[in-house]
$ cat run.tsv   # TSV, N, CA and C atoms
chain	number	residue	atom	x	y	z
A	891	MET	N	0.85	-1.17	0.00
A	891	MET	CA	0.00	0.00	0.00
A	891	MET	C	0.90	1.24	0.00
A	892	PRO	N	0.65	2.22	-0.86
A	892	PRO	CA	1.47	3.43	-0.90
A	892	PRO	C	1.15	4.37	0.26
A	893	THR	N	2.08	5.25	0.55
A	893	THR	CA	1.85	6.30	1.54
A	893	THR	C	0.96	7.37	0.93
A	894	VAL	N	-0.07	7.77	1.67
A	894	VAL	CA	-0.95	8.85	1.23
A	894	VAL	C	-0.79	10.02	2.19
A	895	LEU	N	-0.48	11.16	1.64
A	895	LEU	CA	-0.32	12.40	2.41
A	895	LEU	C	-0.77	13.51	1.47
A	896	ASP	N	-2.07	13.84	1.50
A	896	ASP	CA	-2.64	14.72	0.49
A	896	ASP	C	-3.35	15.91	1.14
A	897	LEU	N	-3.15	17.08	0.56
A	897	LEU	CA	-3.79	18.31	1.02
A	897	LEU	C	-4.34	19.02	-0.21
A	898	GLU	N	-5.62	19.38	-0.15
A	898	GLU	CA	-6.27	20.04	-1.29
A	898	GLU	C	-7.03	21.26	-0.79
A	899	LEU	N	-6.93	22.37	-1.52
A	899	LEU	CA	-7.74	23.55	-1.23
A	899	LEU	C	-9.04	23.39	-2.00
A	900	ILE	N	-10.13	23.17	-1.28
A	900	ILE	CA	-11.43	22.94	-1.91
A	900	ILE	C	-12.04	24.26	-2.37
A	901	SER	N	-11.88	25.30	-1.56
A	901	SER	CA	-12.39	26.62	-1.94
A	901	SER	C	-11.56	27.69	-1.25
A	902	GLY	N	-11.64	28.88	-1.79
A	902	GLY	CA	-10.96	30.01	-1.17
A	902	GLY	C	-9.48	30.05	-1.39
A	903	ALA	N	-8.99	29.53	-2.50
A	903	ALA	CA	-7.56	29.54	-2.77
A	903	ALA	C	-7.03	30.95	-2.98
A	904	ASN	N	-7.90	31.88	-3.35
A	904	ASN	CA	-7.50	33.27	-3.58
A	904	ASN	C	-8.41	34.22	-2.82
A	905	PRO	N	-8.28	34.28	-1.48
A	905	PRO	CA	-9.14	35.16	-0.70
A	905	PRO	C	-8.98	36.62	-1.13
A	906	VAL	N	-10.08	37.36	-1.07
A	906	VAL	CA	-10.08	38.77	-1.43
A	906	VAL	C	-10.72	39.56	-0.29
A	907	ALA	N	-10.06	40.63	0.11
A	907	ALA	CA	-10.60	41.54	1.10
A	907	ALA	C	-10.65	42.92	0.46
A	908	ASP	N	-11.83	43.48	0.34
A	908	ASP	CA	-12.02	44.77	-0.31
A	908	ASP	C	-12.28	45.83	0.75
A	909	PHE	N	-11.30	46.67	1.00
A	909	PHE	CA	-11.42	47.74	1.98
A	909	PHE	C	-12.04	48.96	1.29
A	910	ASN	N	-13.32	48.86	0.94
A	910	ASN	CA	-13.99	49.89	0.17
A	910	ASN	C	-14.84	50.85	1.00
A	911	THR	N	-14.81	50.71	2.33
A	911	THR	CA	-15.52	51.64	3.21
A	911	THR	C	-14.64	51.98	4.40
A	912	THR	N	-14.90	53.13	4.99
A	912	THR	CA	-14.15	53.54	6.17
A	912	THR	C	-14.36	52.57	7.32
A	913	SER	N	-15.57	52.02	7.46
A	913	SER	CA	-15.83	51.10	8.57
A	913	SER	C	-14.98	49.83	8.45
A	914	LYS	N	-14.70	49.38	7.24
A	914	LYS	CA	-13.83	48.21	7.06
A	914	LYS	C	-12.39	48.54	7.41
A	915	ILE	N	-11.97	49.74	7.10
A	915	ILE	CA	-10.61	50.15	7.47
A	915	ILE	C	-10.52	50.30	8.99
A	916	ASP	N	-11.58	50.83	9.60
A	916	ASP	CA	-11.59	51.01	11.06
A	916	ASP	C	-11.55	49.68	11.82
A	917	ALA	N	-12.37	48.72	11.38
A	917	ALA	CA	-12.55	47.48	12.14
A	917	ALA	C	-11.78	46.29	11.58
A	918	GLY	N	-11.25	46.39	10.37
A	918	GLY	CA	-10.66	45.24	9.72
A	918	GLY	C	-11.75	44.38	9.10
A	919	ILE	N	-11.35	43.35	8.39
A	919	ILE	CA	-12.30	42.46	7.74
A	919	ILE	C	-12.08	41.04	8.23
A	920	VAL	N	-13.16	40.39	8.66
A	920	VAL	CA	-13.12	38.99	9.06
A	920	VAL	C	-13.65	38.16	7.89
A	921	LEU	N	-12.90	37.14	7.53
A	921	LEU	CA	-13.30	36.22	6.46
A	921	LEU	C	-13.42	34.82	7.05
A	922	PRO	N	-14.59	34.47	7.63
A	922	PRO	CA	-14.75	33.16	8.24
A	922	PRO	C	-14.80	32.04	7.19
A	923	ASN	N	-14.14	30.94	7.50
A	923	ASN	CA	-14.12	29.78	6.59
A	923	ASN	C	-13.74	30.18	5.16
A	924	GLN	N	-12.85	31.13	5.05
A	924	GLN	CA	-12.48	31.65	3.74
A	924	GLN	C	-11.81	30.60	2.86
A	925	THR	N	-10.93	29.83	3.44
A	925	THR	CA	-10.26	28.76	2.70
A	925	THR	C	-10.65	27.43	3.34
A	926	ILE	N	-11.16	26.52	2.52
A	926	ILE	CA	-11.53	25.19	3.02
A	926	ILE	C	-10.48	24.21	2.51
A	927	ILE	N	-9.87	23.49	3.44
A	927	ILE	CA	-8.85	22.52	3.08
A	927	ILE	C	-9.37	21.10	3.35
A	928	LYS	N	-8.95	20.19	2.49
A	928	LYS	CA	-9.29	18.77	2.64
A	928	LYS	C	-7.98	18.02	2.81
A	929	TYR	N	-7.93	17.15	3.79
A	929	TYR	CA	-6.71	16.38	4.05
A	929	TYR	C	-7.03	14.89	4.07
A	930	SER	N	-6.05	14.11	3.61
A	930	SER	CA	-6.15	12.65	3.61
A	930	SER	C	-4.76	12.11	3.89
A	931	SER	N	-4.68	11.19	4.85
A	931	SER	CA	-3.38	10.61	5.16
A	931	SER	C	-3.56	9.25	5.82
A	932	ASN	N	-2.69	8.32	5.45
A	932	ASN	CA	-2.70	7.01	6.11
A	932	ASN	C	-1.53	6.89	7.09
A	933	GLN	N	-1.05	8.04	7.54
A	933	GLN	CA	-0.02	8.10	8.58
A	933	GLN	C	-0.26	9.37	9.40
A	934	ALA	N	0.37	9.47	10.55
A	934	ALA	CA	0.23	10.67	11.38
A	934	ALA	C	0.71	11.88	10.59
A	935	TRP	N	0.08	13.05	10.77
A	935	TRP	CA	0.36	14.21	9.94
A	935	TRP	C	0.10	15.51	10.69
A	936	PHE	N	0.53	16.62	10.08
A	936	PHE	CA	0.21	17.96	10.55
A	936	PHE	C	0.25	18.91	9.36
A	937	VAL	N	-0.38	20.07	9.50
A	937	VAL	CA	-0.43	21.07	8.43
A	937	VAL	C	0.13	22.38	8.96
A	938	THR	N	0.95	23.03	8.13
A	938	THR	CA	1.51	24.34	8.47
A	938	THR	C	1.03	25.39	7.47
A	939	ILE	N	1.20	26.65	7.86
A	939	ILE	CA	0.82	27.78	7.02
A	939	ILE	C	1.95	28.80	7.07
A	940	ARG	N	2.21	29.46	5.94
A	940	ARG	CA	3.23	30.51	5.89
A	940	ARG	C	3.04	31.31	4.61
A	941	THR	N	3.81	32.37	4.47
A	941	THR	CA	3.86	33.12	3.22
A	941	THR	C	5.26	32.95	2.63
A	942	ASN	N	5.40	33.35	1.38
A	942	ASN	CA	6.71	33.19	0.75
A	942	ASN	C	7.58	34.44	0.86
A	943	VAL	N	7.01	35.57	1.25
A	943	VAL	CA	7.75	36.82	1.43
A	943	VAL	C	7.19	37.54	2.66
A	944	ALA	N	7.96	38.45	3.21
A	944	ALA	CA	7.56	39.14	4.44
A	944	ALA	C	6.64	40.34	4.21
A	945	GLU	N	6.56	40.81	2.96
A	945	GLU	CA	5.75	41.99	2.67
A	945	GLU	C	4.90	41.76	1.43
A	946	PHE	N	3.77	42.42	1.38
A	946	PHE	CA	2.89	42.36	0.22
A	946	PHE	C	3.55	42.99	-0.99
A	947	SER	N	3.17	42.53	-2.17
A	947	SER	CA	3.54	43.24	-3.38
A	947	SER	C	2.37	44.15	-3.74
A	948	GLY	N	2.64	45.17	-4.52
A	948	GLY	CA	1.57	46.06	-4.97
A	948	GLY	C	1.46	47.35	-4.20
A	949	GLY	N	2.22	47.51	-3.15
A	949	GLY	CA	2.15	48.73	-2.36
A	949	GLY	C	3.08	49.80	-2.88
A	950	THR	N	3.10	50.90	-2.18
A	950	THR	CA	3.95	52.02	-2.53
A	950	THR	C	5.38	51.76	-2.07
A	951	VAL	N	6.34	52.10	-2.93
A	951	VAL	CA	7.74	51.95	-2.56
A	951	VAL	C	8.01	52.81	-1.33
A	952	GLY	N	8.71	52.25	-0.37
A	952	GLY	CA	9.02	52.97	0.87
A	952	GLY	C	7.97	52.81	1.95
A	953	SER	N	6.85	52.18	1.62
A	953	SER	CA	5.79	51.96	2.61
A	953	SER	C	5.27	50.53	2.49
A	954	PRO	N	6.14	49.54	2.65
A	954	PRO	CA	5.70	48.15	2.47
A	954	PRO	C	4.76	47.70	3.59
A	955	MET	N	3.78	46.89	3.22
A	955	MET	CA	2.84	46.36	4.21
A	955	MET	C	3.27	44.94	4.56
A	956	PRO	N	3.52	44.67	5.85
A	956	PRO	CA	3.95	43.32	6.25
A	956	PRO	C	2.79	42.33	6.20
A	957	VAL	N	3.12	41.06	5.98
A	957	VAL	CA	2.10	40.02	5.91
A	957	VAL	C	1.41	39.82	7.25
A	958	SER	N	1.99	40.32	8.32
A	958	SER	CA	1.40	40.15	9.65
A	958	SER	C	0.09	40.90	9.82
A	959	VAL	N	-0.31	41.76	8.85
A	959	VAL	CA	-1.64	42.38	8.94
A	959	VAL	C	-2.73	41.35	8.70
A	960	ILE	N	-2.35	40.19	8.13
A	960	ILE	CA	-3.28	39.08	7.99
A	960	ILE	C	-3.06	38.14	9.17
A	961	LYS	N	-4.14	37.84	9.84
A	961	LYS	CA	-4.09	36.89	10.95
A	961	LYS	C	-5.02	35.72	10.58
A	962	TYR	N	-4.71	34.55	11.08
A	962	TYR	CA	-5.47	33.35	10.72
A	962	TYR	C	-5.79	32.54	11.96
A	963	ARG	N	-6.73	31.64	11.81
A	963	ARG	CA	-7.02	30.61	12.82
A	963	ARG	C	-7.79	29.50	12.13
A	964	LEU	N	-7.71	28.33	12.70
A	964	LEU	CA	-8.49	27.19	12.22
A	964	LEU	C	-9.93	27.40	12.70
A	965	ASN	N	-10.88	27.37	11.79
A	965	ASN	CA	-12.26	27.66	12.14
A	965	ASN	C	-12.79	26.75	13.23
A	966	SER	N	-12.50	25.45	13.15
A	966	SER	CA	-13.03	24.50	14.13
A	966	SER	C	-12.44	24.70	15.52
A	967	ALA	N	-11.28	25.32	15.60
A	967	ALA	CA	-10.63	25.54	16.89
A	967	ALA	C	-11.06	26.85	17.54
A	968	GLY	N	-11.45	27.82	16.70
A	968	GLY	CA	-11.83	29.13	17.24
A	968	GLY	C	-10.65	29.77	17.94
A	969	GLY	N	-10.93	30.59	18.93
A	969	GLY	CA	-9.87	31.22	19.71
A	969	GLY	C	-9.27	32.43	19.02
A	970	SER	N	-8.06	32.75	19.43
A	970	SER	CA	-7.41	33.95	18.92
A	970	SER	C	-6.76	33.71	17.56
A	971	TYR	N	-6.50	34.80	16.88
A	971	TYR	CA	-5.85	34.76	15.57
A	971	TYR	C	-4.34	34.87	15.73
A	972	THR	N	-3.59	34.27	14.79
A	972	THR	CA	-2.13	34.30	14.77
A	972	THR	C	-1.68	35.06	13.53
A	973	PRO	N	-0.76	36.01	13.65
A	973	PRO	CA	-0.28	36.73	12.46
A	973	PRO	C	0.46	35.80	11.51
A	974	LEU	N	0.23	35.98	10.21
A	974	LEU	CA	0.98	35.24	9.20
A	974	LEU	C	2.44	35.66	9.21
A	975	SER	N	3.28	34.77	8.73
A	975	SER	CA	4.72	34.99	8.75
A	975	SER	C	5.38	34.18	7.64
A	976	VAL	N	6.63	34.48	7.35
A	976	VAL	CA	7.39	33.65	6.41
A	976	VAL	C	7.85	32.36	7.08
A	977	VAL	N	7.75	32.31	8.39
A	977	VAL	CA	8.13	31.12	9.16
A	977	VAL	C	6.91	30.19	9.22
A	978	GLU	N	7.13	28.90	8.91
A	978	GLU	CA	6.03	27.93	9.00
A	978	GLU	C	5.48	27.91	10.42
A	979	GLN	N	4.15	27.95	10.50
A	979	GLN	CA	3.47	27.91	11.78
A	979	GLN	C	2.40	26.81	11.74
A	980	PRO	N	2.12	26.19	12.87
A	980	PRO	CA	1.12	25.12	12.87
A	980	PRO	C	-0.27	25.64	12.55
A	981	LEU	N	-0.99	24.90	11.73
A	981	LEU	CA	-2.38	25.20	11.45
A	981	LEU	C	-3.26	24.08	12.02
A	982	ILE	N	-2.91	22.83	11.67
A	982	ILE	CA	-3.60	21.66	12.23
A	982	ILE	C	-2.53	20.76	12.81
A	983	ALA	N	-2.61	20.53	14.11
A	983	ALA	CA	-1.64	19.70	14.83
A	983	ALA	C	-0.24	20.32	14.75
A	984	THR	N	0.77	19.59	15.19
A	984	THR	CA	2.16	20.06	15.16
A	984	THR	C	3.08	18.89	14.85
A	985	SER	N	4.33	19.19	14.59
A	985	SER	CA	5.28	18.10	14.30
A	985	SER	C	5.48	17.19	15.51
A	986	SER	N	5.27	17.73	16.71
A	986	SER	CA	5.44	16.90	17.91
A	986	SER	C	4.13	16.32	18.43
A	987	SER	N	3.01	16.79	17.90
A	987	SER	CA	1.70	16.30	18.31
A	987	SER	C	0.83	16.17	17.06
A	988	LYS	N	1.08	15.12	16.30
A	988	LYS	CA	0.46	14.94	14.99
A	988	LYS	C	-0.97	14.42	15.10
A	989	SER	N	-1.74	14.67	14.04
A	989	SER	CA	-3.09	14.12	13.94
A	989	SER	C	-2.99	12.67	13.50
A	990	VAL	N	-4.02	11.92	13.84
A	990	VAL	CA	-4.03	10.50	13.47
A	990	VAL	C	-4.42	10.34	12.01
A	991	ARG	N	-4.21	9.15	11.50
A	991	ARG	CA	-4.58	8.85	10.11
A	991	ARG	C	-6.06	9.14	9.87
A	992	GLY	N	-6.37	9.51	8.62
A	992	GLY	CA	-7.76	9.72	8.28
A	992	GLY	C	-7.94	10.82	7.25
A	993	THR	N	-9.20	11.20	7.08
A	993	THR	CA	-9.55	12.25	6.13
A	993	THR	C	-10.47	13.25	6.80
A	994	GLY	N	-10.58	14.40	6.21
A	994	GLY	CA	-11.48	15.41	6.73
A	994	GLY	C	-11.32	16.73	6.03
A	995	THR	N	-12.13	17.69	6.44
A	995	THR	CA	-12.04	19.05	5.92
A	995	THR	C	-12.10	20.02	7.09
A	996	ASP	N	-11.55	21.19	6.88
A	996	ASP	CA	-11.62	22.25	7.89
A	996	ASP	C	-11.46	23.58	7.19
A	997	GLY	N	-11.94	24.61	7.85
A	997	GLY	CA	-11.86	25.95	7.28
A	997	GLY	C	-10.81	26.80	7.99
A	998	VAL	N	-10.30	27.77	7.26
A	998	VAL	CA	-9.35	28.73	7.80
A	998	VAL	C	-10.03	30.09	7.81
A	999	ASP	N	-10.08	30.72	8.98
A	999	ASP	CA	-10.62	32.07	9.12
A	999	ASP	C	-9.46	33.06	9.01
A	1000	PHE	N	-9.73	34.20	8.39
A	1000	PHE	CA	-8.74	35.26	8.31
A	1000	PHE	C	-9.31	36.54	8.91
A	1001	PHE	N	-8.45	37.32	9.54
A	1001	PHE	CA	-8.78	38.66	10.02
A	1001	PHE	C	-7.70	39.58	9.45
A	1002	ILE	N	-8.11	40.53	8.63
A	1002	ILE	CA	-7.16	41.41	7.95
A	1002	ILE	C	-7.39	42.83	8.46
A	1003	ASP	N	-6.35	43.42	9.02
A	1003	ASP	CA	-6.50	44.73	9.67
A	1003	ASP	C	-5.27	45.61	9.45
A	1004	PRO	N	-5.15	46.22	8.26
A	1004	PRO	CA	-4.01	47.09	8.00
A	1004	PRO	C	-4.14	48.47	8.64
A	1005	GLY	N	-5.35	48.86	9.01
A	1005	GLY	CA	-5.56	50.19	9.58
A	1005	GLY	C	-5.23	51.28	8.58
A	1006	TYR	N	-4.77	52.41	9.12
A	1006	TYR	CA	-4.48	53.58	8.29
A	1006	TYR	C	-2.99	53.77	8.07
A	1007	ILE	N	-2.19	52.78	8.39
A	1007	ILE	CA	-0.74	52.94	8.36
A	1007	ILE	C	-0.16	52.88	6.95
A	1008	TYR	N	-0.75	52.11	6.07
A	1008	TYR	CA	-0.13	51.84	4.76
A	1008	TYR	C	-0.81	52.63	3.65
A	1009	ALA	N	-0.01	52.99	2.66
A	1009	ALA	CA	-0.51	53.80	1.54
A	1009	ALA	C	-1.55	53.04	0.73
A	1010	PRO	N	-2.51	53.77	0.15
A	1010	PRO	CA	-3.49	53.12	-0.71
A	1010	PRO	C	-2.80	52.46	-1.91
A	1011	ALA	N	-3.38	51.37	-2.35
A	1011	ALA	CA	-2.89	50.67	-3.54
A	1011	ALA	C	-4.08	49.99	-4.19
A	1012	GLN	N	-4.02	49.82	-5.47
A	1012	GLN	CA	-5.10	49.16	-6.20
A	1012	GLN	C	-5.19	47.69	-5.78
A	1013	ASP	N	-4.06	47.02	-5.71
A	1013	ASP	CA	-4.04	45.61	-5.34
A	1013	ASP	C	-2.79	45.29	-4.53
A	1014	TYR	N	-2.99	44.87	-3.31
A	1014	TYR	CA	-1.91	44.27	-2.53
A	1014	TYR	C	-2.07	42.77	-2.70
A	1015	THR	N	-0.98	42.05	-2.91
A	1015	THR	CA	-1.08	40.60	-3.07
A	1015	THR	C	-0.01	39.89	-2.25
A	1016	ILE	N	-0.35	38.66	-1.88
A	1016	ILE	CA	0.57	37.81	-1.12
A	1016	ILE	C	0.19	36.35	-1.40
A	1017	GLN	N	1.16	35.48	-1.39
A	1017	GLN	CA	0.90	34.05	-1.56
A	1017	GLN	C	0.92	33.38	-0.18
A	1018	ILE	N	-0.11	32.58	0.09
A	1018	ILE	CA	-0.18	31.82	1.34
A	1018	ILE	C	0.08	30.36	0.99
A	1019	ILE	N	0.98	29.73	1.74
A	1019	ILE	CA	1.41	28.37	1.44
A	1019	ILE	C	0.98	27.43	2.57
A	1020	TYR	N	0.27	26.38	2.22
A	1020	TYR	CA	-0.15	25.34	3.16
A	1020	TYR	C	0.68	24.09	2.86
A	1021	THR	N	1.16	23.43	3.91
A	1021	THR	CA	1.97	22.22	3.71
A	1021	THR	C	1.49	21.13	4.66
A	1022	ILE	N	1.28	19.93	4.14
A	1022	ILE	CA	0.99	18.78	4.97
A	1022	ILE	C	2.27	17.93	5.04
A	1023	SER	N	2.57	17.45	6.22
A	1023	SER	CA	3.81	16.70	6.41
A	1023	SER	C	3.64	15.63	7.48
A	1024	ASN	N	4.55	14.68	7.45
A	1024	ASN	CA	4.58	13.67	8.52
A	1024	ASN	C	5.94	13.65	9.21
A	1025	LEU	N	6.83	14.55	8.83
A	1025	LEU	CA	8.19	14.59	9.39
A	1025	LEU	C	8.27	15.38	10.67
$ encode --input "run.tsv" --output "structure tokens"
Amino acid sequence: MPTVLDLELISGANPVADFNTTSKIDAGIVLPNQTIIKYSSNQAWFVTIRTNVAEFSGGTVGSPMPVSVIKYRLNSAGGSYTPLSVVEQPLIATSSSKSVRGTGTDGVDFFIDPGYIYAPAQDYTIQIIYTISNL
């Protein structure tokens, strides 16, 4: 039997937050269950989340917006949000406390709150990377 370690983004691979009103800039935007991930594994596993760069592209030169303005949490776990980073961070389980074999789906909630610190831009973009591993 082959090893199965599979992670699929079922929906929300390209989340969009439109800060088109003052109230959204004031309070930030919550995107519940924005990205739905499906996992399948016949061995113990965990999932991490990270970005590939520390700052968004698309902003004004000299006023870069850090990826930490995006915070995430696993929807089923609730609780507080964790700022995104270029450093891999646990999303589901950890390398020292892995999930058991099986399949399932879960959602990722995002809270995006740049406030008034960063210059306006037509499009800020960032890549979010999800990794499933058994190591």
$ atom_distance --input "run.tsv" --atom1 "atom C of A:Ile1002" --atom2 "atom C of A:Pro954"
14.0 Å
$ closest_residue --input "run.tsv" --among "A:Val894, A:Tyr1014, A:Val976, A:Ser989" --to "A:Asn942" --atoms "all atoms listed in the file"
A:Val976
$ residues_around --input "run.tsv" --residues "A:Val920" --least-positions-apart "4" --cutoff "12 Å" --atoms "only C-alpha atoms" --output "MDAnalysis selection string"
chainID A and resid 905:909 914:915 924 959:963 965 971 998:1003
$ closest_residue --input "run.tsv" --among "A:Ala917, A:Thr995, A:Gly948, A:Pro980" --to "A:Ile900" --atoms "only C-alpha atoms"
A:Thr995
$ residues_around --input "run.tsv" --residues "A:Tyr1020" --least-positions-apart "3" --cutoff "8 Å" --atoms "all atoms listed in the file" --output "number ranges by chain"
A: 897, 937-941, 1017, 1023
$ axis_aligned_box --input "run.tsv" --around "stretch 983-1000 of chain A" --padding-each-side "8 Å" --output "lines of an AutoDock Vina configuration file"
center_x = -3.3
center_y = 22.7
center_z = 12.2
size_x = 33.6
size_y = 43.7
size_z = 28.5
$ closest_residue --input "run.tsv" --among "A:Gln933, A:Gly969, A:Ser958, A:Glu945" --to "A:Leu895" --atoms "only N, CA and C atoms"
A:Gln933
$ select_by_dssp --input "run.tsv" --residues "stretch 894-939 of chain A" --states "strand (DSSP E)" --output "VMD selection string"
chain A and resid 895 to 901 919 to 931 936 to 939
$ atom_distance --input "run.tsv" --atom1 "atom CA of A:Glu898" --atom2 "atom CA of A:Lys928"
5.1 Å
$ residues_around --input "run.tsv" --residues "A:Pro956" --least-positions-apart "6" --cutoff "9 Å" --atoms "only C-alpha atoms" --output "list in words"
Val943, Ala944, Glu945, Phe946, Ser975 and Pro1004 of chain A
$ atom_distance --input "run.tsv" --atom1 "atom N of A:Leu964" --atom2 "atom N of A:Ser947"
23.3 Å
$ residues_around --input "run.tsv" --residues "A:Arg991" --least-positions-apart "3" --cutoff "9 Å" --atoms "only C-alpha atoms" --output "ChimeraX atom specification"
/A:930-935
$ write_last_selection --input "run.tsv" --atoms "N, CA and C atoms" --output "compact mmCIF listing (two decimals), in the coordinates of the input"
# COMPACT_ATOMS: atom_id res chain seq x y z
N SER A 930 -6.05 14.11 3.61
CA SER A 930 -6.15 12.65 3.61
C SER A 930 -4.76 12.11 3.89
N SER A 931 -4.68 11.19 4.85
CA SER A 931 -3.38 10.61 5.16
C SER A 931 -3.56 9.25 5.82
N ASN A 932 -2.69 8.32 5.45
CA ASN A 932 -2.70 7.01 6.11
C ASN A 932 -1.53 6.89 7.09
N GLN A 933 -1.05 8.04 7.54
CA GLN A 933 -0.02 8.10 8.58
C GLN A 933 -0.26 9.37 9.40
N ALA A 934 0.37 9.47 10.55
CA ALA A 934 0.23 10.67 11.38
C ALA A 934 0.71 11.88 10.59
N TRP A 935 0.08 13.05 10.77
CA TRP A 935 0.36 14.21 9.94
C TRP A 935 0.10 15.51 10.69
$ residues_around --input "run.tsv" --residues "A:Phe936" --least-positions-apart "4" --cutoff "8 Å" --atoms "all atoms listed in the file" --output "PyMOL selection string"
chain A and resi 980-990+1021-1025
